[in-house]
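S.K.: A single structure is presented below for examination.
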Amino acid sequence: MGVGGTRWMAPVAVALLLAVRAAPAAAEPEPADQPAAADDDAEPVTDSAGEVIVVSGKAPNTTEAVTYEMTPDVIRRVPGSGNDALKSLQTIPGVGRVPYGMGGLILRGTSPRDSNVYLDGIEVPLLYHFGGLASFYPSALLSSLELTPGGYSVEYGRGQGGLATLTSRAGRRDHWRVASEVSMIDASLRADGPAGARSGWSMALRRSYVDAVLPLLGGDQEMTNAPRYWDGQLRYDVDLWSGGRITALMFGSDDQIGLRYGVDQDKLFRFRTRFARLGLRFRQRGRDTTVELLPWIGTERYNLVSTFQSMTSSNTPVGARGRITHRLHGGQVSAGVDLSGGDFSVASLTISDDTMTEIQRASRFADGALWTEGVWRLAGGRVSIEPGVRAEHYGLADAWIFDPRLVMNEQVAPRVGLRQSVGVFHQGPGVADSLWGNDDLGPSYSIQSSAGATVDIGGGVSLAAAGFFSSLHDLAVDDPNADDAMLNNLDTYKIGAIASSREFIAAQFGTFSKLANIGRGRSYGAELLARYVGARGFAWVAYTYSRSRRRIGDMPWERWVLNQPHVLTVLGSVVVGGTWHLGARFRYASGNPITPLIGRTLDANDEWQPIFGAPFSDRLPGFVQLDLRVDRDWIRRWGTITVFLDVQNATRRDNVEGRVYEDDYSGFESTKGLPLFPSFGLSYTPR
């Protein structure tokens, strides 16, 4: 089905948006009693159904760059999210569409490895389980979720893209409660409760069985080991007599996927990733000064097996964060330290041109940063200025960097706010890149700028718009002068999906080639968000226009492999009868660029060789998807039972993700995305 065949979807989604806006308001249920907690550790206020129908945004005069914040409870109602709050990030402006089977964040034309994710201040290597079917952390245990596509605080670094920050929820202090959720994708069990008068626990465990369901739903690929994952989380909080708090955090994830693909199903791909983190946070709040310390340690292991290659990567990362904030008249000043390091090893076994090549590397690295920033409020608090600077040493590159940044906010009218940001963002070489002889790589950096405005129209309606421009320098790109067999093999991948997949697995395995800091990039675009939130539902329209190009040395500028000029999301959810929730989501995204195959020729050995057109001068067909969702709540004195049906790709559209050519390049087969995927589930939430 082409795009023209789905033109009816957008009007239907817009009609749903208007229906939600026009739905009659009703009195909200009285909130249940909740134990008091402090700031980001506070438990979200819930109604008798355990849900909050709220999508909140930062006030226009906050001292942050353009930031999108949503409460996880409402995002669990988003159609197509499968009850997963983090999957809803795909509906926010500035976020590109991730190809099926991959996980990560494409923020304002930057690679997934350029953006960082933190949970309670601890670095997270992977945000999503395989295929993007679920995130690594359950929505019910999140207190808040923020996405900053660019221009974030100097407190964070080592990335030239954007930032996602997650805050977990502290356990209850009044009584224990146990909840569970079972769907076609996975099953989970969570519990939280007091451990004493001043302490509490929060824990969860989840296991998928997608490997049993997905093959039954169709698709062209033969799953030899369909996506399988599990994750677990544990949090313990204890309040000190001094007014401080100690929090112990532990979380981990284990993913595995395997498939056979190709014209004759003759190609193999198998990938497994595991990671765990353990942290201990101390926070002391005084009248004017707050101190926070967070040391953490972790482990990671990645395994990839394909038709011609096997790779293993392991890492033992460690880190520590410290922050002190002092409140002053008219503002505040903060300073901190950010340490990161570890031991890592990478091994590869490759078969190329009937030659077997084995490579092994092991090393250590240590990065350290000092940062400081101030917040000053002027004109009676209507204007805020946040200058900051970050100085850091990258161990692998043996380089010192200096990142100045500035954010400004102005409240120009009671319902209108403006925001601007500009700054420098450095990123060191990846640990896995050293496997391919890239020991001399230096850091790359981006100069980011953005300007935006927010308007609160009233009645639950708000508008937000932002423009952005980023200039990227000293990018580590394939060295065109390298005598590298792997690099030569990768040239042919520009015609399929492998070129984009490199962007998603580069952080774990490198880029499989000899690199040099001779790349440049530029990204620019605009983001629009129209949003309605009311007692009887919510809806929003998000649109991103983005252009991203790359250049190697003096070679011509090319489209970036994941550049998507147009990304549109229209969604809404309405409450019917107080217990039914009906929703729909329509998504469109431009197809990813590919290098066209314009012919073939016989070489001296009587073998067919491809003839390519200009690099990335063609595109795959546009992505179109309609998702539907129905929820039904049964609210009782002892808790709430919810049954939901979440249908992704309800129209069964065959979205093309790439091409696999025959050995003689006489034809190709398109690799397809997610088929119709219904997720039917049951959840129980005690009162």
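In the structure tokens, the first chain shown is A, the next is B, and so on; residue numbers restart at 1 for each chain, and ligands run from 1 in the order shown.
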Could you list, as an MDAnalysis selection string, every residue within 6 Å of range 331-339 of chain A, counting only C-alpha atoms and ignoring same-chain residues fewer than 5 positions away?
M.R.: chainID A and resid 319:326 367:377
S.K.: Mind checking which residues fall within 8 Å of range 309-314 of chain A, counting only C-alpha atoms, ignoring those fewer than 4 positions away in the same chain, and posting them as an MDAnalysis selection string?
M.R.: chainID A and resid 299:305 344:351 432 508:509
S.K.: Which is closer to Ala451 in chain A than all the others in A:Thr316, A:Ser421, A:Ser470, A:Gln427, using only C-alpha atoms?
M.R.: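 For Ala451 in chain A, the nearest of the given residues is A:Ser421.
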S.K.: Hey, what's within 7 Å of range 149-151 of chain A if we count only C-alpha atoms and toss same-chain stuff fewer than 3 positions away? As number ranges by chain, please?
M.R.: A: 65, 94, 107-108, 161-163, 421-423, 448-449
S.K.: Out of A:Ser513, A:Gln411, A:Gln233, A:Ser81, which residue has the shortest atom-to-atom distance to Thr454 in chain A when counting only C-alpha atoms?
M.R.: A:Gln411
S.K.: Quick check for you: according to DSSP on this backbone, which residues of range 472-590 of chain A are classed as strand (DSSP E)? Reply as a ChimeraX atom specification.
M.R.: /A:472-478,515-534,537-552,558-559,566-576,580-589
S.K.: Extract, using only C-alpha atoms, all DNA, RNA and protein residues at most 6 Å from range 547-549 of chain A, discarding same-chain residues fewer than 6 positions from it, and format them as JSON, numbers by chain.
M.R.: {"A": [109, 521, 522, 523, 524, 558, 559, 560, 563, 565]}
S.K.: Write out the residues from the selection above, keeping N, CA and C atoms, as a CSV table (one decimal), in the first residue's frame.
M.R.:
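And here is the file that came out, part.csv:
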```
chain,number,residue,atom,x,y,z
A,109,GLY,N,19.1,15.0,13.9
A,109,GLY,CA,20.1,14.6,12.9
A,109,GLY,C,21.4,14.1,13.4
A,521,GLY,N,29.8,17.7,9.6
A,521,GLY,CA,28.3,17.5,9.4
A,521,GLY,C,27.6,18.8,9.8
A,522,ARG,N,26.3,18.9,9.3
A,522,ARG,CA,25.5,20.0,9.7
A,522,ARG,C,24.1,19.5,9.7
A,523,SER,N,23.3,20.0,10.6
A,523,SER,CA,21.9,19.6,10.8
A,523,SER,C,21.1,20.9,11.1
A,524,TYR,N,20.0,21.0,10.5
A,524,TYR,CA,19.1,22.1,10.8
A,524,TYR,C,17.7,21.7,10.6
A,558,GLU,N,27.0,14.9,1.4
A,558,GLU,CA,26.1,13.8,1.2
A,558,GLU,C,25.0,13.8,2.2
A,559,ARG,N,23.8,13.3,1.9
A,559,ARG,CA,22.8,13.1,2.9
A,559,ARG,C,23.4,12.1,3.9
A,560,TRP,N,23.0,12.4,5.2
A,560,TRP,CA,23.3,11.4,6.2
A,560,TRP,C,22.4,10.2,6.2
A,563,ASN,N,19.0,10.5,7.8
A,563,ASN,CA,18.3,11.8,7.6
A,563,ASN,C,16.8,11.6,7.2
A,565,PRO,N,13.7,14.0,6.5
A,565,PRO,CA,13.3,15.4,6.4
A,565,PRO,C,11.9,15.7,7.1
```
S.K.: I'd like the neighbourhood of range 205-210 of chain A as a list of chain:residue names, where a residue qualifies if any of its atoms comes within 6 Å (using only C-alpha atoms), though same-chain residues fewer than 5 positions away should be ignored.
M.R.: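 Using only C-alpha atoms, the neighbours found are A:Ile185, A:Asp186, A:Ala187, A:Ser188, A:Leu189, A:Pro227, A:Arg228, A:Tyr229, A:Trp230, A:Asp231, A:Gly232.
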S.K.: Please write the residues from the selection above to a file, keeping C-alpha atoms, as a tab-separated table (two decimals), in the first residue's frame.
M.R.:
```tsv
chain	number	residue	atom	x	y	z
A	185	ILE	CA	4.96	-9.38	24.53
A	186	ASP	CA	6.07	-9.95	28.11
A	187	ALA	CA	5.06	-10.51	31.71
A	188	SER	CA	6.20	-8.48	34.70
A	189	LEU	CA	5.94	-8.49	38.47
A	227	PRO	CA	13.71	-11.16	20.19
A	228	ARG	CA	13.99	-12.34	23.77
A	229	TYR	CA	14.73	-10.09	26.72
A	230	TRP	CA	14.51	-9.76	30.45
A	231	ASP	CA	15.24	-6.93	32.83
A	232	GLY	CA	15.28	-6.36	36.57
```
S.K.: Please measure the separation of CA of Thr167 in chain A and CA of Asp192 in chain A, giving the value in Å to one decimal.
M.R.: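 Taking CA of Thr167 in chain A as the start and CA of Asp192 in chain A as the end point, the length is 16.1 Å.
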S.K.: What does the structure give for the distance between CA of Arg551 in chain A and CA of Asn655 in chain A, in Å to one decimal?
M.R.: 28.9 Å
S.K.: From the list A:Gly553, A:Pro675, A:Gly243, A:Pro414, which residue is nearest Pro480 in chain A when using only C-alpha atoms?
M.R.: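 Ranking A:Gly553, A:Pro675, A:Gly243, A:Pro414 by distance to Pro480 in chain A, first place goes to A:Gly553.
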S.K.: Quick one, how far is CA of Ala248 in chain A from CA of Glu146 in chain A?
M.R.: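 We find that CA of Ala248 in chain A and CA of Glu146 in chain A lie 22.0 Å from each other.
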S.K.: Based on DSSP run over this structure's backbone, return all residues of range 115-211 of chain A in helix (DSSP H, G or I), as number ranges by chain.
M.R.: A: 130-132, 139-141, 210-211
S.K.: Excluding Gly460 in chain A and residues on its chain fewer than 4 positions from it, collect all residues at most 8 Å away from it, counting only C-alpha atoms, and give them as JSON, numbers by chain.
M.R.: {"A": [456, 531, 532, 533, 534]}
S.K.: For Arg245 in chain A, please output as a list of chain:residue names all residues within 6 Å (counting only C-alpha atoms; exclusion window: fewer than 3 positions along the same chain).
M.R.: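 Listed by chain and then number, they are A:Val238, A:Asp239, A:Leu240, A:Phe282, A:Arg283.
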S.K.: Check which residues of range 401-494 of chain A sit at most 8 Å from range 386-390 of chain A using only C-alpha atoms, and return one row each with the closest pair of atoms and their distance in Å to one decimal, ordered by chain and rising number, as CSV.
M.R.:
```
residue,atom,partner,partner_atom,distance
A:Phe402,CA,A:Arg390,CA,5.9
A:Asp403,CA,A:Arg390,CA,5.0
A:Pro404,CA,A:Val389,CA,4.3
A:Arg405,CA,A:Gly388,CA,5.3
A:Leu406,CA,A:Pro387,CA,4.5
A:Val407,CA,A:Glu386,CA,5.1
A:Met408,CA,A:Glu386,CA,6.3
```
S.K.: Go ahead and save the residues from that selection, with C-alpha atoms, as a compact mmCIF listing (two decimals), in the first residue's frame.
M.R.:
```txt
# COMPACT_ATOMS: atom_id res chain seq x y z
CA PHE A 402 36.56 23.00 26.98
CA ASP A 403 32.78 23.35 26.52
CA PRO A 404 31.11 26.74 27.18
CA ARG A 405 27.30 26.79 27.04
CA LEU A 406 24.55 29.35 27.56
CA VAL A 407 20.77 29.09 27.98
CA MET A 408 18.37 32.05 28.21
```
S.K.: Check the smallest atom-to-atom distance from each of A:Ser139, A:Ser384, A:Ser340, A:Asn409 to Glu123 in chain A using only C-alpha atoms, then report the winner.
M.R.: A:Ser340
